[in-house]
$ cat protein_15.txt   # compact mmCIF, C-alpha atoms
# COMPACT_ATOMS: atom_id res chain seq x y z
CA MET E 3 0.00 0.00 0.00
CA THR E 4 1.21 3.50 -0.80
CA PRO E 5 -0.23 6.88 0.27
CA GLU E 6 -1.76 7.20 -3.18
CA ASP E 7 -3.75 3.97 -2.69
CA ASN E 8 -5.67 5.47 0.22
CA SER E 9 -6.61 9.11 -0.07
CA GLY E 10 -7.57 9.20 3.62
CA LEU E 11 -4.01 8.25 4.74
CA SER E 12 -1.41 10.99 4.70
CA ARG E 13 2.21 10.27 3.84
CA ARG E 14 3.28 11.15 7.39
CA LYS E 15 0.76 8.74 8.98
CA PHE E 16 1.71 6.02 6.51
CA ILE E 17 5.41 6.25 7.40
CA ALA E 18 4.60 6.26 11.13
CA GLN E 19 2.47 3.08 10.85
CA VAL E 20 5.05 1.25 8.77
CA SER E 21 7.80 2.16 11.28
CA LEU E 22 5.65 0.93 14.16
CA ALA E 23 5.02 -2.39 12.38
CA LEU E 24 8.72 -2.93 11.69
CA THR E 25 9.60 -2.11 15.29
CA THR E 26 7.01 -4.59 16.57
CA LEU E 27 8.44 -7.34 14.39
CA ALA E 28 11.98 -6.59 15.53
CA VAL E 29 11.31 -6.72 19.29
CA PRO E 30 11.04 -10.51 19.68
CA ILE E 31 14.18 -11.00 17.58
CA GLN E 32 16.15 -8.48 19.66
CA GLY E 33 14.83 -10.01 22.86
CA LEU E 34 16.43 -13.34 22.02
CA GLY E 35 19.82 -11.72 22.41
CA PHE E 36 19.19 -11.26 26.13
CA ILE E 37 18.36 -14.91 26.76
CA LYS E 38 21.43 -16.54 28.29
CA ARG E 39 21.95 -20.01 26.91
CA PRO E 40 24.77 -22.51 27.47
CA ILE E 41 27.34 -22.58 24.68
CA MET E 42 28.07 -26.12 23.58
CA LYS E 43 31.75 -25.77 22.70
CA ASP E 44 31.75 -28.97 20.72
CA LYS E 45 29.60 -32.07 20.37
CA ILE E 46 32.32 -34.48 21.43
CA LEU E 47 31.51 -36.83 24.26
CA TYR E 48 34.99 -37.16 25.77
CA ASP E 49 35.93 -40.35 27.51
CA ALA E 50 37.05 -38.23 30.44
CA ILE E 51 37.26 -34.59 31.46
CA ILE E 52 39.97 -33.70 33.95
CA VAL E 53 39.28 -30.58 35.99
CA GLY E 54 42.66 -29.23 37.04
CA GLY E 55 45.82 -29.29 34.95
CA SER E 56 48.63 -29.36 37.48
CA TYR E 57 50.73 -32.40 38.46
CA SER E 58 47.93 -34.79 39.36
CA GLY E 59 45.70 -33.80 36.46
CA LEU E 60 48.57 -34.07 33.98
CA ALA E 61 49.55 -37.49 35.29
CA ALA E 62 45.96 -38.71 34.92
CA ALA E 63 45.86 -37.32 31.37
CA MET E 64 49.05 -39.12 30.40
CA ALA E 65 47.74 -42.46 31.63
CA LEU E 66 44.48 -41.95 29.75
CA GLY E 67 46.21 -40.66 26.65
CA ARG E 68 48.43 -43.70 26.48
CA ALA E 69 45.30 -45.85 26.79
CA LEU E 70 44.01 -44.20 23.57
CA LYS E 71 41.16 -42.36 25.30
CA GLN E 72 39.75 -38.97 24.30
CA VAL E 73 40.62 -36.60 27.12
CA LEU E 74 40.00 -32.92 27.85
CA ILE E 75 41.94 -31.06 30.58
CA ILE E 76 40.33 -27.84 31.79
CA ASP E 77 42.53 -25.61 33.92
CA SER E 78 42.37 -22.01 35.13
CA GLY E 79 46.15 -21.70 35.56
CA LYS E 80 46.26 -20.89 39.29
CA PRO E 81 48.21 -23.59 41.19
CA CYS E 82 48.28 -23.29 44.98
CA ASN E 83 52.10 -23.54 45.10
CA ALA E 84 52.66 -20.71 42.60
CA GLN E 85 55.10 -18.81 44.84
CA THR E 86 56.98 -21.84 46.21
CA PRO E 87 60.58 -21.50 44.95
CA HIS E 88 61.60 -25.18 44.87
CA SER E 89 60.12 -28.67 45.05
CA HIS E 90 61.76 -31.58 46.85
CA ASN E 91 61.40 -35.30 47.57
CA PHE E 92 60.62 -36.09 43.94
CA LEU E 93 63.17 -38.34 42.24
CA THR E 94 64.62 -36.81 39.04
CA GLN E 95 63.06 -33.42 39.93
CA ASP E 96 64.54 -32.61 43.36
CA GLY E 97 65.21 -28.90 43.70
CA ASN E 98 63.46 -27.85 40.51
CA THR E 99 60.79 -25.14 40.55
CA PRO E 100 57.16 -26.24 40.69
CA ALA E 101 56.45 -24.21 37.56
CA GLY E 102 59.35 -25.85 35.74
CA ILE E 103 58.19 -29.36 36.65
CA ALA E 104 54.66 -28.56 35.49
CA ALA E 105 55.93 -27.09 32.21
CA VAL E 106 57.92 -30.23 31.36
CA ALA E 107 54.97 -32.41 32.35
CA ARG E 108 52.58 -30.49 30.12
CA SER E 109 54.94 -30.59 27.15
CA GLN E 110 55.11 -34.38 27.46
CA VAL E 111 51.35 -34.80 27.78
CA GLU E 112 50.80 -32.54 24.76
CA ARG E 113 52.50 -35.14 22.57
CA TYR E 114 49.38 -37.29 22.82
CA GLU E 115 47.02 -35.99 20.15
CA ASN E 116 43.97 -37.45 21.88
CA VAL E 117 44.57 -35.22 24.93
CA LYS E 118 43.20 -31.68 24.53
CA PHE E 119 43.72 -28.63 26.74
CA TYR E 120 41.31 -25.81 27.46
CA ASN E 121 41.95 -22.74 29.58
CA GLY E 122 38.94 -21.82 31.71
CA LEU E 123 37.28 -21.85 35.11
CA VAL E 124 34.80 -24.66 35.71
CA THR E 125 31.82 -23.40 37.72
CA THR E 126 29.22 -26.19 37.66
CA GLY E 127 28.75 -29.83 36.78
CA LYS E 128 25.77 -32.11 36.39
CA LYS E 129 24.93 -35.75 35.74
CA THR E 130 23.47 -36.63 32.35
CA ASP E 131 22.12 -39.80 30.75
CA ASP E 132 25.46 -40.59 29.11
CA GLY E 133 27.84 -39.16 31.71
CA PHE E 134 28.42 -35.60 32.85
CA GLU E 135 28.33 -32.00 31.67
CA ILE E 136 30.84 -29.41 32.83
CA CYS E 137 30.03 -25.71 32.51
CA LEU E 138 32.60 -22.91 32.54
CA ALA E 139 32.36 -19.33 33.77
CA THR E 140 31.96 -18.35 30.10
CA ASP E 141 28.85 -20.60 29.85
CA GLU E 142 30.72 -23.04 27.60
CA VAL E 143 29.69 -26.66 28.14
CA PHE E 144 31.70 -29.85 27.67
CA ARG E 145 30.55 -33.46 27.99
CA ALA E 146 32.28 -36.63 29.14
CA GLY E 147 31.57 -40.14 30.30
CA LYS E 148 33.86 -39.79 33.35
CA LEU E 149 35.11 -36.91 35.49
CA ILE E 150 38.42 -36.57 37.32
CA PHE E 151 38.78 -33.73 39.81
CA ALA E 152 42.41 -32.73 40.34
CA THR E 153 41.48 -29.32 41.70
CA GLY E 154 43.62 -29.14 44.83
CA ILE E 155 42.89 -27.09 47.94
CA ARG E 156 43.08 -23.48 49.07
CA ASP E 157 45.06 -22.66 52.23
CA LEU E 158 43.36 -20.16 54.52
CA MET E 159 45.66 -17.35 55.63
CA PRO E 160 45.53 -15.75 59.10
CA ALA E 161 45.11 -12.00 59.58
CA ILE E 162 48.82 -11.43 60.12
CA GLU E 163 50.59 -8.87 57.95
CA GLY E 164 53.28 -10.45 55.78
CA PHE E 165 52.11 -14.02 56.32
CA ALA E 166 50.67 -14.61 52.84
CA GLU E 167 53.75 -13.11 51.18
CA CYS E 168 55.99 -15.61 53.01
CA TRP E 169 53.72 -18.63 52.53
CA GLY E 170 55.48 -21.47 50.74
CA ILE E 171 58.83 -19.66 50.87
CA SER E 172 59.87 -19.32 54.52
CA VAL E 173 56.49 -19.84 56.20
CA ILE E 174 56.06 -23.51 55.46
CA HIS E 175 53.87 -26.49 56.29
CA CYS E 176 55.90 -29.63 55.58
CA PRO E 177 59.38 -30.60 56.84
CA TYR E 178 59.64 -33.31 54.19
CA CYS E 179 59.22 -30.66 51.50
CA HIS E 180 61.29 -27.87 53.07
CA GLY E 181 62.94 -29.09 56.29
CA TYR E 182 66.34 -29.95 54.85
CA GLU E 183 66.81 -26.43 53.44
CA VAL E 184 66.18 -24.80 56.86
CA ARG E 185 67.88 -27.47 58.99
CA GLY E 186 69.67 -26.15 62.04
CA LEU E 187 68.25 -22.63 61.63
CA ARG E 188 66.35 -20.64 64.21
CA THR E 189 62.83 -21.89 63.58
CA GLY E 190 59.35 -21.18 64.87
CA ILE E 191 56.06 -23.04 64.98
CA LEU E 192 52.84 -21.06 64.73
CA ALA E 193 50.27 -23.32 66.34
CA ASN E 194 48.59 -24.09 69.64
CA GLY E 195 47.41 -27.02 71.69
CA GLU E 196 47.70 -30.58 70.45
CA GLN E 197 48.71 -29.44 66.96
CA ALA E 198 51.59 -27.36 68.29
CA PHE E 199 52.82 -30.26 70.40
CA ASP E 200 52.71 -32.73 67.52
CA VAL E 201 54.45 -30.38 65.07
CA ALA E 202 57.13 -29.40 67.58
CA ARG E 203 58.04 -33.03 68.26
CA LEU E 204 58.42 -33.64 64.54
CA ILE E 205 60.37 -30.50 63.67
CA SER E 206 62.83 -31.12 66.51
CA ASN E 207 64.44 -33.62 64.12
CA TRP E 208 65.59 -30.80 61.81
CA THR E 209 66.60 -28.13 64.35
CA LYS E 210 67.20 -27.75 68.06
CA ASP E 211 66.69 -23.97 67.95
CA LEU E 212 62.92 -24.17 68.15
CA THR E 213 60.20 -21.89 69.53
CA VAL E 214 56.43 -22.39 69.65
CA PHE E 215 54.31 -19.26 69.07
CA THR E 216 50.76 -19.81 70.29
CA ASN E 217 49.61 -16.31 69.18
CA GLY E 218 47.68 -15.86 72.41
CA LYS E 219 47.08 -17.84 75.56
CA THR E 220 48.41 -21.37 75.30
CA SER E 221 46.06 -24.33 75.14
CA LEU E 222 48.89 -26.82 75.63
CA THR E 223 48.40 -29.09 78.61
CA ASP E 224 50.80 -28.84 81.54
CA GLU E 225 52.25 -32.19 80.55
CA GLN E 226 52.82 -31.06 76.95
CA SER E 227 54.40 -27.78 78.03
CA LEU E 228 56.76 -29.61 80.38
CA ALA E 229 57.75 -32.08 77.66
CA LEU E 230 58.61 -29.22 75.28
CA GLN E 231 60.59 -27.38 77.94
CA GLU E 232 62.57 -30.55 78.68
CA HIS E 233 63.66 -30.46 75.04
CA GLN E 234 64.61 -26.74 75.27
CA ILE E 235 61.64 -25.73 73.13
CA THR E 236 60.43 -22.29 74.21
CA ILE E 237 56.74 -21.32 74.30
CA ILE E 238 55.75 -17.70 73.59
CA GLU E 239 52.11 -16.73 74.14
CA LYS E 240 52.21 -13.17 72.77
CA GLU E 241 49.86 -12.14 69.98
CA ILE E 242 51.56 -11.60 66.61
CA GLN E 243 51.13 -8.32 64.74
CA LYS E 244 53.21 -8.90 61.60
CA LEU E 245 56.03 -10.82 59.94
CA GLU E 246 58.92 -8.78 58.58
CA HIS E 247 60.49 -10.37 55.53
CA ASN E 248 62.64 -9.80 52.46
CA ASN E 249 60.86 -11.03 49.32
CA GLY E 250 59.09 -13.75 51.28
CA TYR E 251 62.05 -14.73 53.48
CA ILE E 252 61.10 -14.06 57.08
CA ASN E 253 63.53 -12.43 59.49
CA THR E 254 61.47 -11.00 62.37
CA ILE E 255 58.18 -11.56 64.17
CA PHE E 256 56.68 -8.39 65.65
CA PHE E 257 54.26 -8.80 68.56
CA LYS E 258 51.35 -6.55 69.47
CA ASP E 259 53.07 -5.54 72.73
CA GLY E 260 55.91 -3.93 70.75
CA THR E 261 58.50 -6.67 71.25
CA LYS E 262 60.02 -8.77 68.46
CA PHE E 263 61.73 -12.08 67.79
CA THR E 264 64.21 -12.92 65.02
CA LEU E 265 64.08 -16.22 63.15
CA SER E 266 64.67 -17.76 59.71
CA ALA E 267 61.75 -20.15 59.20
CA LEU E 268 58.24 -20.62 60.54
CA TYR E 269 56.16 -23.80 60.32
CA ALA E 270 52.49 -22.89 60.24
CA PRO E 271 49.94 -25.67 59.69
CA ARG E 272 46.88 -24.08 58.10
CA PRO E 273 43.20 -24.94 57.72
CA PHE E 274 42.02 -25.30 54.14
CA GLU E 275 39.03 -25.49 51.87
CA LEU E 276 38.55 -27.36 48.61
CA GLN E 277 39.53 -25.30 45.59
CA SER E 278 36.33 -26.46 43.89
CA SER E 279 32.97 -27.14 45.52
CA ILE E 280 31.61 -28.92 42.43
CA PRO E 281 32.36 -32.46 43.73
CA GLU E 282 30.15 -31.67 46.74
CA THR E 283 27.33 -30.40 44.51
CA LEU E 284 27.56 -33.69 42.62
CA ASP E 285 27.12 -35.52 45.96
CA CYS E 286 30.71 -36.72 46.37
CA GLU E 287 31.26 -37.67 50.00
CA LEU E 288 33.92 -35.85 52.02
CA THR E 289 36.10 -37.16 54.85
CA GLU E 290 35.91 -35.80 58.40
CA LYS E 291 38.89 -33.57 57.63
CA GLY E 292 37.25 -32.12 54.51
CA TYR E 293 38.99 -34.04 51.72
CA ILE E 294 37.14 -35.76 48.89
CA LYS E 295 36.69 -39.36 49.98
CA THR E 296 38.20 -41.90 47.54
CA ASN E 297 39.14 -45.55 47.52
CA ALA E 298 42.43 -47.09 46.40
CA LEU E 299 41.39 -46.62 42.74
CA GLN E 300 40.73 -42.88 43.34
CA GLU E 301 36.98 -43.46 42.88
CA THR E 302 34.68 -41.14 44.80
CA SER E 303 31.35 -42.15 46.29
CA VAL E 304 29.67 -41.17 42.99
CA PRO E 305 30.10 -43.69 40.13
CA GLY E 306 32.01 -42.16 37.24
CA ILE E 307 33.67 -39.41 39.31
CA TYR E 308 37.29 -39.69 40.47
CA ALA E 309 39.54 -37.39 42.51
CA CYS E 310 43.30 -37.18 42.92
CA GLY E 311 45.99 -34.94 44.35
CA ASP E 312 45.74 -32.51 47.25
CA ASN E 313 41.93 -32.47 47.26
CA SER E 314 41.85 -36.08 48.44
CA THR E 315 44.92 -36.54 50.67
CA HIS E 316 46.80 -34.80 53.48
CA MET E 317 50.15 -35.87 51.98
CA ARG E 318 50.90 -32.75 49.94
CA THR E 319 53.90 -33.56 47.78
CA VAL E 320 54.35 -33.29 44.04
CA ALA E 321 55.48 -36.90 43.89
CA ASN E 322 52.33 -38.09 45.64
CA ALA E 323 50.10 -35.95 43.42
CA VAL E 324 51.67 -37.53 40.34
CA ALA E 325 51.24 -41.03 41.77
CA MET E 326 47.56 -40.40 42.58
CA GLY E 327 46.94 -38.89 39.16
CA THR E 328 48.49 -41.87 37.42
CA ALA E 329 46.34 -44.22 39.50
CA ALA E 330 43.20 -42.24 38.64
CA GLY E 331 43.98 -42.22 34.93
CA MET E 332 44.66 -45.94 34.85
CA SER E 333 41.53 -46.70 36.87
CA VAL E 334 39.31 -44.63 34.58
CA SER E 335 40.77 -46.11 31.40
CA LYS E 336 40.43 -49.67 32.68
CA LYS E 337 36.81 -49.05 33.67
CA ILE E 338 36.03 -47.65 30.20
CA ILE E 339 37.80 -50.50 28.41
CA LEU E 340 36.07 -53.25 30.37
CA ASP E 341 32.66 -51.60 30.09
CA GLN E 342 33.04 -51.27 26.32
CA PHE E 343 34.17 -54.89 25.98
CA GLN E 344 31.18 -56.14 27.97
CA TYR E 345 28.77 -53.94 25.98
CA THR E 346 30.14 -55.14 22.64
CA ALA E 347 29.91 -58.78 23.70
CA SER E 348 26.30 -58.41 24.90
CA MET E 349 25.29 -56.77 21.63
CA LYS E 350 26.86 -59.50 19.55
CA TYR E 351 25.26 -62.39 21.39
$ encode --input "protein_15.txt" --output "structure tokens"
Amino acid sequence: MTPEDNSGLSRRKFIAQVSLALTTLAVPIQGLGFIKRPIMKDKILYDAIIVGGSYSGLAAAMALGRALKQVLIIDSGKPCNAQTPHSHNFLTQDGNTPAGIAAVARSQVERYENVKFYNGLVTTGKKTDDGFEICLATDEVFRAGKLIFATGIRDLMPAIEGFAECWGISVIHCPYCHGYEVRGLRTGILANGEQAFDVARLISNWTKDLTVFTNGKTSLTDEQSLALQEHQITIIEKEIQKLEHNNGYINTIFFKDGTKFTLSALYAPRPFELQSSIPETLDCELTEKGYIKTNALQETSVPGIYACGDNSTHMRTVANAVAMGTAAGMSVSKKIILDQFQYTASMKY
């Protein structure tokens, strides 16, 4: 219709009505752009998705890759030992940097064409009819028959100035990882009660110049305090204000009363939380201490979901993470292989 076709319709009114009609048609189409939908990155159903691409995740990927399985590693690139200068108690790698060990490991895993890497933060997971779906912060979705969580843990820092900057460098948690390097030095233990007593007894193997800092009133029993004193282990109950350090290497503890204490190393056992809460949302059972509960095959309480590394053990060493990852990868691949063999046989007969 044109203005000439209808003498009662002016050109101005005609244009206005046409514009209104076009706008009305466009609204539903524009509105679709505001509907947030998952982005299926690809249609591949991977044999396994590994969440976490550090030592344990890489070891699991290598075992699966060598078993000819299609594997996807998703990692956000934030390992918990990022500022630790050296790793120890790992044959062939003793004294190397954690980042260097991980780089070599990744380069070796990358040789297996059936192992793919994707950089991203996994935010949710859900069970599906044929396995699991993993969703990233970008709304991208990936699918797999099995899941392996190698997500590690997050250490919880106290409200002490300088503590976080020294963590993993001179404020340490494990004598088997760091004790040899600080042997014989003036050393402290930041803990109280039963934990302080247990740690002090252990660390006394590496140094005799040892002090327990309870950061407030002691909760050690009289018997424990006496035992420590008999071994020339001093107990200081003052509250700590800050740690003075040089690029993460501690030299002085300052107390809130204005006094100070010089030392070279501080053992500080810390509480933790799981780096990822997704295993819990998928109903994976936890231990009393907060780790993901697994059996000897690294299987969780949920069929098809496995866990390995620091999220499922208190033994926090690179060597142990690699061993657990290898076990998880082998367990998953064997499960897949045997299930496929049984399925094929039942279909044939």
$ closest_atom_pairs --input "protein_15.txt" --of "region 121-184 of chain E" --to "region 201-212 of chain E" --cutoff "12 Å" --atoms "only C-alpha atoms" --output "JSON lines"
{"residue": "E:Ile174", "atom": "CA", "partner": "E:Ile205", "partner_atom": "CA", "distance": 11.6}
{"residue": "E:His175", "atom": "CA", "partner": "E:Val201", "partner_atom": "CA", "distance": 9.6}
{"residue": "E:Cys176", "atom": "CA", "partner": "E:Ile205", "partner_atom": "CA", "distance": 9.3}
{"residue": "E:Pro177", "atom": "CA", "partner": "E:Ile205", "partner_atom": "CA", "distance": 6.9}
{"residue": "E:Tyr178", "atom": "CA", "partner": "E:Ile205", "partner_atom": "CA", "distance": 9.9}
{"residue": "E:His180", "atom": "CA", "partner": "E:Trp208", "partner_atom": "CA", "distance": 10.2}
{"residue": "E:Gly181", "atom": "CA", "partner": "E:Trp208", "partner_atom": "CA", "distance": 6.4}
{"residue": "E:Tyr182", "atom": "CA", "partner": "E:Trp208", "partner_atom": "CA", "distance": 7.1}
{"residue": "E:Glu183", "atom": "CA", "partner": "E:Trp208", "partner_atom": "CA", "distance": 9.5}
{"residue": "E:Val184", "atom": "CA", "partner": "E:Trp208", "partner_atom": "CA", "distance": 7.8}
$ residues_near_point --input "protein_15.txt" --point "(52.5, -17.8, 52.8)" --cutoff "12 Å" --atoms "all atoms listed in the file" --output "VMD selection string"
chain E and resid 82 to 87 156 to 175 245 247 249 to 252 267 to 272
$ residues_around --input "protein_15.txt" --residues "Thr264 (chain E)" --least-positions-apart "2" --cutoff "8 Å" --atoms "all atoms listed in the file" --output "list in words"
Asn253, Thr254, Ile255, Lys262 and Ser266 of chain E
$ closest_residue --input "protein_15.txt" --among "E:Ala50, E:Ala325, E:Leu276, E:Leu228" --to "Ala146 (chain E)" --atoms "only C-alpha atoms"
E:Ala50
$ residues_near_point --input "protein_15.txt" --point "(53.3, -10.4, 66.5)" --cutoff "7 Å" --atoms "only C-alpha atoms" --output "PDB file with C-alpha atoms, in the coordinates of the input"
ATOM      1  CA  LYS E 240      52.210 -13.170  72.770  1.00  0.00           C
ATOM      2  CA  GLU E 241      49.860 -12.140  69.980  1.00  0.00           C
ATOM      3  CA  ILE E 242      51.560 -11.600  66.610  1.00  0.00           C
ATOM      4  CA  GLN E 243      51.130  -8.320  64.740  1.00  0.00           C
ATOM      5  CA  LYS E 244      53.210  -8.900  61.600  1.00  0.00           C
ATOM      6  CA  ILE E 255      58.180 -11.560  64.170  1.00  0.00           C
ATOM      7  CA  PHE E 256      56.680  -8.390  65.650  1.00  0.00           C
ATOM      8  CA  PHE E 257      54.260  -8.800  68.560  1.00  0.00           C
ATOM      9  CA  LYS E 258      51.350  -6.550  69.470  1.00  0.00           C
TER      10      LYS E 258
END
$ residues_around --input "protein_15.txt" --residues "region 119-127 of chain E" --least-positions-apart "3" --cutoff "9 Å" --atoms "only C-alpha atoms" --output "number ranges by chain"
E: 53, 55, 73-79, 112, 134-141, 278-281, 283-284
$ atom_distance --input "protein_15.txt" --atom1 "CA of Leu340 (chain E)" --atom2 "CA of Asn116 (chain E)"
19.6 Å
$ atom_distance --input "protein_15.txt" --atom1 "CA of Glu239 (chain E)" --atom2 "CA of Asp200 (chain E)"
17.3 Å
$ axis_aligned_box --input "protein_15.txt" --around "region 132-140 of chain E" --padding-each-side "3 Å" --output "AutoDock Vina command-line options"
--center_x 29.0 --center_y -29.5 --center_z 31.4 --size_x 13.1 --size_y 28.2 --size_z 10.7
$ atom_distance --input "protein_15.txt" --atom1 "CA of Met317 (chain E)" --atom2 "CA of Gly154 (chain E)"
11.8 Å
$ closest_residue --input "protein_15.txt" --among "E:Lys219, E:Cys179, E:Lys118, E:Ser58" --to "Ser89 (chain E)" --atoms "all atoms listed in the file"
E:Cys179
$ closest_residue --input "protein_15.txt" --among "E:Ile191, E:Ile338, E:Val324, E:Cys310" --to "Leu265 (chain E)" --atoms "only C-alpha atoms"
E:Ile191
$ decode --input "protein_15.txt" --residues "region 125-137 of chain E" --atoms "N, CA, C and O atoms" --output "short mmCIF file (atom, residue, chain, number, x, y, z; two decimals), in the first residue's frame"
data_model
loop_
_atom_site.label_atom_id
_atom_site.label_comp_id
_atom_site.auth_asym_id
_atom_site.auth_seq_id
_atom_site.Cartn_x
_atom_site.Cartn_y
_atom_site.Cartn_z
N THR E 125 32.69 -23.94 36.67
CA THR E 125 31.82 -23.40 37.72
C THR E 125 30.74 -24.38 38.18
O THR E 125 30.33 -24.35 39.33
N THR E 126 30.26 -25.23 37.28
CA THR E 126 29.22 -26.19 37.66
C THR E 126 29.41 -27.51 36.92
O THR E 126 30.10 -27.58 35.90
N GLY E 127 28.76 -28.53 37.44
CA GLY E 127 28.75 -29.83 36.78
C GLY E 127 27.44 -30.52 37.07
O GLY E 127 26.81 -30.27 38.10
N LYS E 128 27.01 -31.38 36.15
CA LYS E 128 25.77 -32.11 36.39
C LYS E 128 25.82 -33.48 35.73
O LYS E 128 26.55 -33.70 34.76
N LYS E 129 25.04 -34.39 36.28
CA LYS E 129 24.93 -35.75 35.74
C LYS E 129 23.98 -35.74 34.56
O LYS E 129 22.97 -35.03 34.56
N THR E 130 24.32 -36.50 33.52
CA THR E 130 23.47 -36.63 32.35
C THR E 130 23.23 -38.12 32.08
O THR E 130 23.79 -38.99 32.76
N ASP E 131 22.44 -38.41 31.08
CA ASP E 131 22.12 -39.80 30.75
C ASP E 131 23.35 -40.58 30.30
O ASP E 131 23.44 -41.79 30.54
N ASP E 132 24.28 -39.89 29.63
CA ASP E 132 25.46 -40.59 29.11
C ASP E 132 26.75 -40.18 29.82
O ASP E 132 27.84 -40.42 29.32
N GLY E 133 26.64 -39.54 30.98
CA GLY E 133 27.84 -39.16 31.71
C GLY E 133 27.66 -37.87 32.48
O GLY E 133 26.81 -37.78 33.37
N PHE E 134 28.43 -36.86 32.11
CA PHE E 134 28.42 -35.60 32.85
C PHE E 134 28.59 -34.41 31.91
O PHE E 134 29.15 -34.54 30.82
N GLU E 135 28.10 -33.27 32.36
CA GLU E 135 28.33 -32.00 31.67
C GLU E 135 29.06 -31.07 32.62
O GLU E 135 28.75 -30.98 33.81
N ILE E 136 30.06 -30.38 32.07
CA ILE E 136 30.84 -29.41 32.83
C ILE E 136 30.63 -28.05 32.19
O ILE E 136 30.80 -27.88 30.98
N CYS E 137 30.27 -27.06 33.02
CA CYS E 137 30.03 -25.71 32.51
C CYS E 137 31.08 -24.76 33.05
O CYS E 137 31.45 -24.81 34.22
#
